[in-house]
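Content type mmCIF, C-alpha atoms and all ligand atoms, from the file entry_37.cif:
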data_data
loop_
_atom_site.label_atom_id
_atom_site.label_comp_id
_atom_site.auth_asym_id
_atom_site.auth_seq_id
_atom_site.Cartn_x
_atom_site.Cartn_y
_atom_site.Cartn_z
CA MET A 1 14.51 3.39 3.17
CA ARG A 2 11.63 1.10 2.25
CA ILE A 3 8.46 3.01 1.41
CA ASP A 4 5.02 1.51 0.64
CA LEU A 5 2.44 4.15 -0.31
CA HIS A 6 -0.81 2.21 -0.82
CA THR A 7 -2.45 -0.06 1.77
CA HIS A 8 -5.97 -0.85 3.03
CA SER A 9 -7.20 -1.56 6.56
CA SER A 10 -10.53 -2.65 8.01
CA ALA A 11 -11.57 1.03 7.77
CA SER A 12 -12.37 0.00 4.16
CA ASP A 13 -11.85 -3.44 2.61
CA GLY A 14 -8.58 -4.62 4.17
CA THR A 15 -8.71 -7.37 6.79
CA ASP A 16 -6.27 -5.87 9.34
CA THR A 17 -7.21 -3.11 11.76
CA PRO A 18 -5.26 0.11 11.05
CA GLY A 19 -3.06 -0.54 14.10
CA ASP A 20 -2.29 -4.14 13.13
CA LEU A 21 -1.53 -3.07 9.57
CA VAL A 22 1.06 -0.54 10.76
CA ARG A 23 2.63 -3.04 13.17
CA GLU A 24 2.85 -5.57 10.31
CA ALA A 25 4.44 -2.93 8.10
CA ALA A 26 7.11 -2.32 10.74
CA ALA A 27 7.66 -6.07 11.13
CA ALA A 28 8.01 -6.36 7.34
CA GLY A 29 10.91 -3.91 7.51
CA LEU A 30 9.16 -0.85 6.06
CA ASP A 31 10.24 2.64 7.16
CA VAL A 32 7.23 4.44 5.69
CA VAL A 33 3.70 3.18 5.09
CA ALA A 34 0.73 5.14 3.75
CA LEU A 35 -2.76 4.15 4.85
CA THR A 36 -5.02 4.66 1.82
CA ASP A 37 -8.44 3.25 2.57
CA HIS A 38 -11.15 3.56 -0.06
CA ASP A 39 -12.95 6.91 0.31
CA ALA A 40 -12.26 6.98 4.06
CA MET A 41 -9.92 8.71 6.51
CA SER A 42 -11.37 7.06 9.60
CA GLY A 43 -8.36 4.79 10.15
CA TRP A 44 -5.80 7.62 10.36
CA ALA A 45 -5.73 8.21 14.12
CA GLU A 46 -5.29 4.56 15.06
CA ALA A 47 -2.63 4.06 12.38
CA GLN A 48 -0.73 7.15 13.47
CA GLN A 49 -0.74 6.03 17.09
CA ALA A 50 0.59 2.59 16.17
CA GLY A 51 3.23 4.25 13.99
CA ASP A 52 4.41 6.36 16.91
CA GLU A 53 4.57 3.26 19.10
CA VAL A 54 6.62 1.10 16.75
CA GLY A 55 8.67 3.91 15.24
CA ILE A 56 7.57 3.90 11.60
CA THR A 57 6.32 6.85 9.57
CA VAL A 58 2.62 6.70 8.69
CA VAL A 59 1.48 8.87 5.78
CA PRO A 60 -2.25 9.61 5.98
CA GLY A 61 -3.97 9.12 2.64
CA LEU A 62 -6.98 7.66 0.90
CA GLU A 63 -7.97 6.07 -2.43
CA ILE A 64 -10.89 7.92 -3.94
CA SER A 65 -13.47 6.35 -6.27
CA THR A 66 -13.68 8.50 -9.39
CA ARG A 67 -15.05 8.26 -12.92
CA TYR A 68 -13.18 9.24 -16.08
CA GLY A 69 -14.39 8.61 -19.60
CA HIS A 70 -17.04 6.17 -18.33
CA ARG A 71 -14.47 4.10 -16.48
CA GLY A 72 -13.80 3.76 -12.78
CA VAL A 73 -10.44 5.29 -11.88
CA HIS A 74 -8.87 5.19 -8.42
CA LEU A 75 -7.16 8.37 -7.23
CA LEU A 76 -4.73 8.28 -4.33
CA GLY A 77 -4.70 11.41 -2.18
CA TYR A 78 -1.95 12.03 0.34
CA LEU A 79 -2.03 14.39 3.32
CA PRO A 80 -5.22 16.35 2.55
CA ASP A 81 -6.80 18.43 5.30
CA PRO A 82 -9.35 15.93 6.71
CA THR A 83 -11.67 18.82 7.70
CA HIS A 84 -11.76 20.50 4.25
CA PRO A 85 -15.55 21.03 3.91
CA ALA A 86 -15.95 20.41 0.17
CA LEU A 87 -13.74 17.30 0.28
CA VAL A 88 -15.62 15.90 3.28
CA LEU A 89 -18.95 16.59 1.53
CA GLU A 90 -17.89 14.81 -1.66
CA LEU A 91 -16.47 11.81 0.23
CA ASP A 92 -19.74 11.57 2.16
CA ARG A 93 -21.57 11.41 -1.15
CA ILE A 94 -19.38 8.51 -2.28
CA LEU A 95 -19.80 6.70 1.05
CA GLU A 96 -23.58 7.13 0.88
CA GLY A 97 -23.48 5.53 -2.57
CA ARG A 98 -21.60 2.59 -1.08
CA THR A 99 -24.04 2.24 1.82
CA ALA A 100 -27.05 2.37 -0.50
CA ARG A 101 -25.54 -0.19 -2.87
CA THR A 102 -25.24 -3.03 -0.36
CA PRO A 103 -29.01 -3.71 -0.06
CA ALA A 104 -29.28 -3.51 -3.86
CA ILE A 105 -26.52 -6.12 -4.29
CA VAL A 106 -28.15 -8.35 -1.68
CA ALA A 107 -31.50 -8.07 -3.49
CA ALA A 108 -29.88 -8.89 -6.83
CA LEU A 109 -28.14 -11.96 -5.37
CA ARG A 110 -31.37 -13.09 -3.71
CA ALA A 111 -33.20 -12.74 -7.03
CA HIS A 112 -30.47 -15.00 -8.42
CA GLY A 113 -31.37 -17.64 -5.81
CA ILE A 114 -28.64 -16.99 -3.24
CA ASP A 115 -29.85 -16.86 0.36
CA ILE A 116 -27.84 -13.90 1.66
CA SER A 117 -29.03 -11.10 3.95
CA GLU A 118 -27.90 -7.54 4.68
CA ASP A 119 -26.92 -8.74 8.16
CA ASP A 120 -24.55 -11.31 6.62
CA VAL A 121 -22.76 -8.46 4.84
CA ARG A 122 -22.83 -6.15 7.85
CA ARG A 123 -21.06 -8.81 9.89
CA GLU A 124 -18.16 -8.60 7.42
CA SER A 125 -18.07 -4.84 6.93
CA GLY A 126 -18.23 -4.28 10.71
CA GLY A 127 -15.92 -1.37 11.44
CA SER A 128 -15.80 -0.04 7.88
CA VAL A 129 -17.51 3.16 6.76
CA ALA A 130 -16.81 2.14 3.16
CA ALA A 131 -19.00 -0.90 2.55
CA GLY A 132 -17.97 -2.61 -0.65
CA ARG A 133 -18.16 -5.68 -2.82
CA PRO A 134 -15.25 -7.30 -0.93
CA HIS A 135 -17.48 -7.46 2.16
CA VAL A 136 -20.26 -9.08 0.11
CA ALA A 137 -17.63 -11.49 -1.21
CA ASP A 138 -16.55 -12.35 2.34
CA ALA A 139 -20.20 -12.97 3.30
CA LEU A 140 -20.65 -15.23 0.26
CA ALA A 141 -17.52 -17.15 1.26
CA ARG A 142 -18.72 -17.57 4.85
CA LEU A 143 -22.05 -18.87 3.52
CA GLY A 144 -20.16 -21.39 1.38
CA VAL A 145 -21.42 -19.94 -1.92
CA VAL A 146 -17.89 -19.21 -3.13
CA ARG A 147 -14.42 -20.16 -1.92
CA ASP A 148 -12.98 -16.64 -1.58
CA ARG A 149 -13.08 -13.03 -2.79
CA THR A 150 -11.41 -13.97 -6.07
CA GLU A 151 -14.16 -16.44 -6.95
CA ALA A 152 -16.90 -14.00 -5.88
CA PHE A 153 -15.51 -11.31 -8.21
CA ALA A 154 -14.98 -13.84 -11.01
CA THR A 155 -18.52 -15.20 -10.92
CA LEU A 156 -20.99 -12.86 -9.22
CA LEU A 157 -19.86 -9.31 -8.42
CA SER A 158 -18.26 -7.90 -11.57
CA PRO A 159 -20.03 -5.90 -14.33
CA GLY A 160 -22.37 -8.11 -16.36
CA GLN A 161 -22.74 -10.64 -13.53
CA PRO A 162 -25.87 -11.32 -11.40
CA GLY A 163 -24.74 -9.40 -8.29
CA TYR A 164 -23.29 -6.30 -9.94
CA VAL A 165 -24.70 -2.91 -8.99
CA ASN A 166 -23.16 0.43 -9.98
CA ARG A 167 -22.56 3.24 -7.50
CA TYR A 168 -21.69 6.93 -7.39
CA ALA A 169 -18.09 8.06 -8.01
CA SER A 170 -16.71 11.60 -8.36
CA ALA A 171 -15.61 13.07 -11.69
CA LEU A 172 -11.80 12.69 -11.81
CA GLU A 173 -11.38 16.14 -13.41
CA GLU A 174 -13.17 17.65 -10.41
CA MET A 175 -11.62 15.51 -7.71
CA ILE A 176 -7.99 16.29 -8.61
CA PRO A 177 -8.38 20.08 -8.10
CA LEU A 178 -10.51 19.49 -5.01
CA LEU A 179 -7.82 17.32 -3.47
CA VAL A 180 -5.17 19.92 -4.28
CA ASP A 181 -7.36 22.64 -2.76
CA ALA A 182 -7.48 20.54 0.41
CA GLY A 183 -3.66 20.55 0.47
CA GLY A 184 -3.44 16.96 -0.71
CA VAL A 185 -1.17 15.36 -3.30
CA ALA A 186 -2.98 13.57 -6.16
CA VAL A 187 -1.49 10.33 -7.54
CA LEU A 188 -3.28 7.98 -9.93
CA ALA A 189 -3.53 4.46 -8.50
CA HIS A 190 -2.65 1.58 -10.88
CA PRO A 191 -3.46 3.72 -13.98
CA TRP A 192 -3.17 0.81 -16.38
CA GLY A 193 -4.68 -1.87 -14.18
CA ARG A 194 -8.04 -3.52 -14.94
CA GLY A 195 -8.78 -1.90 -18.27
CA SER A 196 -8.29 1.75 -17.35
CA ARG A 197 -5.42 1.98 -19.86
CA SER A 198 -8.04 2.66 -22.51
CA VAL A 199 -8.87 6.07 -20.98
CA LEU A 200 -5.49 6.95 -19.40
CA SER A 201 -3.26 7.49 -22.42
CA ALA A 202 -0.12 9.64 -22.27
CA GLU A 203 -2.21 12.53 -23.66
CA ALA A 204 -4.86 12.08 -20.96
CA LEU A 205 -2.16 11.99 -18.27
CA ALA A 206 -0.75 15.27 -19.60
CA GLU A 207 -4.20 16.89 -19.34
CA LEU A 208 -4.66 15.55 -15.81
CA LYS A 209 -1.29 16.97 -14.84
CA ASP A 210 -2.56 20.39 -15.90
CA LEU A 211 -5.43 19.90 -13.44
CA GLY A 212 -2.99 19.24 -10.59
CA LEU A 213 -2.09 15.55 -10.85
CA ALA A 214 1.29 15.11 -9.13
CA GLY A 215 2.17 11.52 -9.87
CA ILE A 216 1.31 8.02 -11.02
CA GLU A 217 1.64 4.65 -9.34
CA VAL A 218 3.91 2.77 -11.70
CA ASP A 219 5.06 -0.23 -9.67
CA HIS A 220 1.84 -2.10 -8.88
CA GLN A 221 0.92 -5.76 -9.19
CA ASP A 222 -1.71 -5.00 -11.83
CA HIS A 223 1.02 -3.66 -14.16
CA SER A 224 3.18 -5.92 -16.33
CA ALA A 225 6.91 -5.23 -16.69
CA ALA A 226 6.20 -3.67 -20.09
CA ASP A 227 3.45 -1.44 -18.63
CA ARG A 228 5.82 -0.27 -15.92
CA ALA A 229 8.58 0.59 -18.37
CA GLU A 230 6.17 2.54 -20.57
CA LEU A 231 4.56 4.36 -17.63
CA ARG A 232 7.98 5.23 -16.20
CA ALA A 233 8.94 6.82 -19.51
CA ILE A 234 5.68 8.81 -19.63
CA ALA A 235 6.21 9.98 -16.04
CA ALA A 236 9.75 11.12 -16.85
CA ASP A 237 8.46 12.92 -19.91
CA LEU A 238 5.71 14.72 -17.98
CA ASP A 239 7.84 15.22 -14.86
CA LEU A 240 5.39 13.25 -12.70
CA VAL A 241 6.27 11.64 -9.37
CA VAL A 242 6.60 7.84 -9.68
CA THR A 243 5.35 5.65 -6.85
CA GLY A 244 5.43 1.94 -6.12
CA SER A 245 3.30 0.13 -3.58
CA SER A 246 1.67 -3.09 -2.49
CA ASP A 247 -2.05 -2.20 -2.44
CA HIS A 248 -2.09 -4.56 0.53
CA HIS A 249 -5.56 -5.73 1.69
CA GLY A 250 -4.48 -8.15 4.44
CA LEU A 251 -5.89 -11.58 3.64
CA GLY A 252 -8.32 -9.97 1.16
CA LYS A 253 -6.04 -9.98 -1.86
CA VAL A 254 -3.36 -12.52 -2.71
CA ASP A 255 0.03 -11.49 -4.13
CA HIS A 256 -0.12 -8.00 -2.56
CA ASP A 257 2.20 -8.46 0.45
CA LEU A 258 3.42 -5.34 2.23
CA GLY A 259 6.52 -3.97 0.49
CA VAL A 260 6.11 -6.12 -2.65
CA ASN A 261 6.63 -2.84 -4.55
CA THR A 262 8.21 0.28 -3.04
CA THR A 263 8.68 3.97 -3.80
CA ALA A 264 12.14 5.53 -4.31
CA PRO A 265 13.08 7.94 -1.49
CA GLU A 266 13.60 10.91 -3.85
CA HIS A 267 10.09 10.50 -5.29
CA TYR A 268 8.65 10.20 -1.77
CA GLU A 269 10.44 13.39 -0.72
CA ARG A 270 9.09 15.23 -3.73
CA LEU A 271 5.58 14.00 -2.99
CA LEU A 272 5.85 15.29 0.59
CA SER A 273 7.11 18.67 -0.64
CA LEU A 274 3.91 19.09 -2.68
CA ALA A 275 1.55 18.67 0.30
CA GLY A 276 0.04 21.53 2.22
CA PRO A 277 -1.82 24.75 1.41
CA SER A 278 -1.27 25.71 -2.23
CA LEU A 279 0.74 28.92 -2.63
CA GLY A 280 -1.53 30.04 -5.43
CA GLY A 281 -4.23 30.69 -2.78
P1 LIG B 301 -15.99 -1.74 -4.58
O1 LIG B 301 -15.11 -0.79 -3.86
O2 LIG B 301 -17.13 -2.18 -3.77
O3 LIG B 301 -16.41 -1.22 -5.93
O4 LIG B 301 -15.11 -3.03 -4.86
C1 LIG B 301 -13.87 -2.89 -5.50
C2 LIG B 301 -12.75 -3.44 -4.61
O5 LIG B 301 -12.80 -4.84 -4.65
C3 LIG B 301 -11.38 -3.06 -5.10
O6 LIG B 301 -10.91 -1.95 -4.41
C4 LIG B 301 -10.53 -4.25 -4.76
O7 LIG B 301 -9.87 -4.05 -3.53
C5 LIG B 301 -11.50 -5.38 -4.58
N1 LIG B 301 -11.38 -6.40 -5.63
C6 LIG B 301 -11.66 -6.26 -6.94
N2 LIG B 301 -11.44 -7.42 -7.58
C7 LIG B 301 -10.99 -8.30 -6.65
C8 LIG B 301 -10.58 -9.67 -6.68
N3 LIG B 301 -10.60 -10.37 -7.83
N4 LIG B 301 -10.18 -10.23 -5.53
C9 LIG B 301 -10.17 -9.54 -4.38
N5 LIG B 301 -10.55 -8.25 -4.30
C10 LIG B 301 -10.96 -7.64 -5.41
FE FE B 302 -9.89 -2.48 -2.29
FE FE B 303 -7.51 0.58 -6.37
ZN ZN B 304 -6.15 0.10 -3.33
#
Could you render the structure as structure tokens?
Amino acid sequence: MRIDLHTHSSASDGTDTPGDLVREAAAAGLDVVALTDHDAMSGWAEAQQAGDEVGITVVPGLEISTRYGHRGVHLLGYLPDPTHPALVLELDRILEGRTARTPAIVAALRAHGIDISEDDVRRESGGSVAAGRPHVADALARLGVVRDRTEAFATLLSPGQPGYVNRYASALEEMIPLLVDAGGVAVLAHPWGRGSRSVLSAEALAELKDLGLAGIEVDHQDHSAADRAELRAIAADLDLVVTGSSDHHGLGKVDHDLGVNTTAPEHYERLLSLAGPSLGG
């Protein structure tokens, strides 16, 4: 069984449609693929249909933008009820923050002397409800300002750079219980990637487990071999589910091919067993 629990489609900042992504996952020899678009569940139906057609299991999920100790932390949620009112409301708030940020980024880039318009970005974000910096990066690449997303993030779109604008994200300590209340399973995405190690110590992970955190993504391209070994030991110690995944973004991220990291079947089974209405009521 080959299981990849973290991928992005054009419903957020991946470059493949949800259907194409699932067909590619099947072609890559995966048995299970989770669709985890940023803050969005809008790709689920199309992905599920493609999964039924090609005979591969699609796990509906999402990657939620949260804040913890003044740092951005990504929280993977699997199998939540997509109609849970409080969850839908909070995701809408995040998506509104994304939508409002695009004009602000465009204005900041224009003030920096770059001739980019909101339409240029909209052309790239097309079918996505979760407009993001990757779409601005794609617009900048099409305009010839940068070569690709990597260069856009390295020079213009990251904190401290001319085109950086902050946006709303949920408090992690509130989002974990909310996700659990919606019947979802909460797993921290790449906990030690991109600087978040400073706020996600073993002690912090223990506290988050008390709030309902079920697992951590250990095998991820942003983690070194040493990080993975240390995180695996912490997960064993705290009895957390361990996942591995590609964080595939289509052509939007190099070195994140489908199946580059995978999740062990017994951890996947345990994750599934934790989904659904909580017995605590
Ligand atoms: P945003 O969601 O708008 O805050 O943008 C963050 C997203 O940009 C992340 O989810 C990544 O998928 C993507 N990203 C961040 N850094 C890079 C990079 N260097 N190259 C490509 N994509 C990136
Ligand atoms: Fe992304
Ligand atoms: Fe992420
Ligand atoms: Zn991701």
- Query: Do you have the atom O5 of ligand LIG 301 (chain B)-CA of Pro134 (chain A) distance handy?
  - Reply: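 Result for atom O5 of ligand LIG 301 (chain B) versus CA of Pro134 (chain A): 5.1 Å, one decimal.
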- Task: Write out as a ChimeraX atom specification the residues lying within 8 Å of Trp192 (chain A), counting all atoms listed in the file and excluding same-chain residues fewer than 5 positions away.
- Result: /A:197,200,222-223,227
- A:Met41, A:Val121, A:Met175, A:Leu188: which is nearest ligand FE 303 (chain B), counting all atoms listed in the file? A:Leu188
Within 8 Å of ligand FE 303 (chain B) (all atoms listed in the file), residues as a compact mmCIF listing (two decimals) with C-alpha atoms, keeping the file's coordinate frame:
# COMPACT_ATOMS: atom_id res chain seq x y z
CA HIS A 38 -11.15 3.56 -0.06
CA GLU A 63 -7.97 6.07 -2.43
CA VAL A 73 -10.44 5.29 -11.88
CA HIS A 74 -8.87 5.19 -8.42
CA LEU A 75 -7.16 8.37 -7.23
CA ALA A 189 -3.53 4.46 -8.50
CA HIS A 190 -2.65 1.58 -10.88
CA ASP A 247 -2.05 -2.20 -2.44
Ligand LIG 301 (chain B), all listed atoms, 5 Å padding on each side: what axis-aligned box centre and edge lengths in Å to one decimal come out, as lines of an AutoDock Vina configuration file?
center_x = -13.5
center_y = -5.6
center_z = -5.7
size_x = 17.3
size_y = 19.6
size_z = 14.3
10 Å from ligand LIG 301 (chain B) is the threshold here; counting all atoms listed in the file, which polymer residues fall inside it? Answer as an mmCIF file with C-alpha atoms, keeping the file's coordinate frame.
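After the write, result_11.cif holds the following:
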data_model
loop_
_atom_site.group_PDB
_atom_site.id
_atom_site.type_symbol
_atom_site.label_atom_id
_atom_site.label_comp_id
_atom_site.auth_asym_id
_atom_site.auth_seq_id
_atom_site.Cartn_x
_atom_site.Cartn_y
_atom_site.Cartn_z
ATOM 1 C CA THR A 7 -2.450 -0.060 1.770
ATOM 2 C CA HIS A 8 -5.970 -0.850 3.030
ATOM 3 C CA SER A 12 -12.370 0.000 4.160
ATOM 4 C CA ASP A 13 -11.850 -3.440 2.610
ATOM 5 C CA GLY A 14 -8.580 -4.620 4.170
ATOM 6 C CA ASP A 37 -8.440 3.250 2.570
ATOM 7 C CA HIS A 38 -11.150 3.560 -0.060
ATOM 8 C CA ASP A 39 -12.950 6.910 0.310
ATOM 9 C CA GLU A 63 -7.970 6.070 -2.430
ATOM 10 C CA ILE A 64 -10.890 7.920 -3.940
ATOM 11 C CA SER A 65 -13.470 6.350 -6.270
ATOM 12 C CA GLY A 72 -13.800 3.760 -12.780
ATOM 13 C CA HIS A 74 -8.870 5.190 -8.420
ATOM 14 C CA ARG A 98 -21.600 2.590 -1.080
ATOM 15 C CA THR A 99 -24.040 2.240 1.820
ATOM 16 C CA ARG A 101 -25.540 -0.190 -2.870
ATOM 17 C CA THR A 102 -25.240 -3.030 -0.360
ATOM 18 C CA ALA A 130 -16.810 2.140 3.160
ATOM 19 C CA ALA A 131 -19.000 -0.900 2.550
ATOM 20 C CA GLY A 132 -17.970 -2.610 -0.650
ATOM 21 C CA ARG A 133 -18.160 -5.680 -2.820
ATOM 22 C CA PRO A 134 -15.250 -7.300 -0.930
ATOM 23 C CA HIS A 135 -17.480 -7.460 2.160
ATOM 24 C CA VAL A 136 -20.260 -9.080 0.110
ATOM 25 C CA ALA A 137 -17.630 -11.490 -1.210
ATOM 26 C CA ASP A 138 -16.550 -12.350 2.340
ATOM 27 C CA ASP A 148 -12.980 -16.640 -1.580
ATOM 28 C CA ARG A 149 -13.080 -13.030 -2.790
ATOM 29 C CA THR A 150 -11.410 -13.970 -6.070
ATOM 30 C CA GLU A 151 -14.160 -16.440 -6.950
ATOM 31 C CA ALA A 152 -16.900 -14.000 -5.880
ATOM 32 C CA PHE A 153 -15.510 -11.310 -8.210
ATOM 33 C CA ALA A 154 -14.980 -13.840 -11.010
ATOM 34 C CA THR A 155 -18.520 -15.200 -10.920
ATOM 35 C CA LEU A 157 -19.860 -9.310 -8.420
ATOM 36 C CA SER A 158 -18.260 -7.900 -11.570
ATOM 37 C CA TYR A 164 -23.290 -6.300 -9.940
ATOM 38 C CA VAL A 165 -24.700 -2.910 -8.990
ATOM 39 C CA ASN A 166 -23.160 0.430 -9.980
ATOM 40 C CA ARG A 167 -22.560 3.240 -7.500
ATOM 41 C CA TYR A 168 -21.690 6.930 -7.390
ATOM 42 C CA ALA A 169 -18.090 8.060 -8.010
ATOM 43 C CA ARG A 194 -8.040 -3.520 -14.940
ATOM 44 C CA ASP A 247 -2.050 -2.200 -2.440
ATOM 45 C CA HIS A 248 -2.090 -4.560 0.530
ATOM 46 C CA HIS A 249 -5.560 -5.730 1.690
ATOM 47 C CA LEU A 251 -5.890 -11.580 3.640
ATOM 48 C CA GLY A 252 -8.320 -9.970 1.160
ATOM 49 C CA LYS A 253 -6.040 -9.980 -1.860
ATOM 50 C CA VAL A 254 -3.360 -12.520 -2.710
#
- CA of Pro85 (chain A) to CA of Leu35 (chain A), distance in Å rounded to a single decimal: 21.2 Å
- Message: I'd like to know which of A:Val218, A:Val33, A:Ala40, A:Ile114 is closest to ligand FE 302 (chain B), using only C-alpha atoms and all ligand atoms.
- Response: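 Comparing A:Val218, A:Val33, A:Ala40, A:Ile114 against ligand FE 302 (chain B), the winner is A:Ala40.
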- Message: Could you list, as an MDAnalysis selection string, every residue within 10 Å of Leu231 (chain A), counting all atoms listed in the file and ignoring same-chain residues fewer than 5 positions away?
- Response: chainID A and resid 191:192 201:202 216:219 223 225:226 236:237 242
- A:Asp20, A:Leu240, A:Gly250, A:His70 ranked by distance to ligand ZN 304 (chain B), top pick (using all atoms listed in the file):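 That would be A:Gly250, the residue with the smallest distance to ligand ZN 304 (chain B).
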- Identify which of the residues A:Ser198, A:Gly144, A:Leu87, A:Ser246 lies closest to ligand FE 302 (chain B), counting all atoms listed in the file when measuring atom-to-atom distances.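 Nearest candidate to ligand FE 302 (chain B) out of A:Ser198, A:Gly144, A:Leu87, A:Ser246: A:Ser246.
We find CA of Ile94 (chain A) and CA of Val146 (chain A) to be spaced 27.8 Å apart.
Minimum atom-to-atom distance to Val58 (chain A), evaluated using all atoms listed in the file, belongs to A:His6 out of A:His220, A:His6, A:His112, A:Arg123.
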- Message: Please return as a PyMOL selection string every residue within 8 Å of (-13.3, 13.1, -15.7), taking into account only C-alpha atoms and the file's own coordinates.
- Response: chain A and resi 66-69+171-174
Just-selected residues, C-alpha atoms written as a PDB file, in the frame of the given file:
ATOM      1  CA  THR A  66     -13.680   8.500  -9.390  1.00  0.00           C
ATOM      2  CA  ARG A  67     -15.050   8.260 -12.920  1.00  0.00           C
ATOM      3  CA  TYR A  68     -13.180   9.240 -16.080  1.00  0.00           C
ATOM      4  CA  GLY A  69     -14.390   8.610 -19.600  1.00  0.00           C
ATOM      5  CA  ALA A 171     -15.610  13.070 -11.690  1.00  0.00           C
ATOM      6  CA  LEU A 172     -11.800  12.690 -11.810  1.00  0.00           C
ATOM      7  CA  GLU A 173     -11.380  16.140 -13.410  1.00  0.00           C
ATOM      8  CA  GLU A 174     -13.170  17.650 -10.410  1.00  0.00           C
TER       9      GLU A 174
END
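Distances to ligand ZN 304 (chain B) were evaluated for A:Ala214, A:Ala27, A:Leu76, A:Met1 using all atoms listed in the file, and the minimum falls at A:Leu76.
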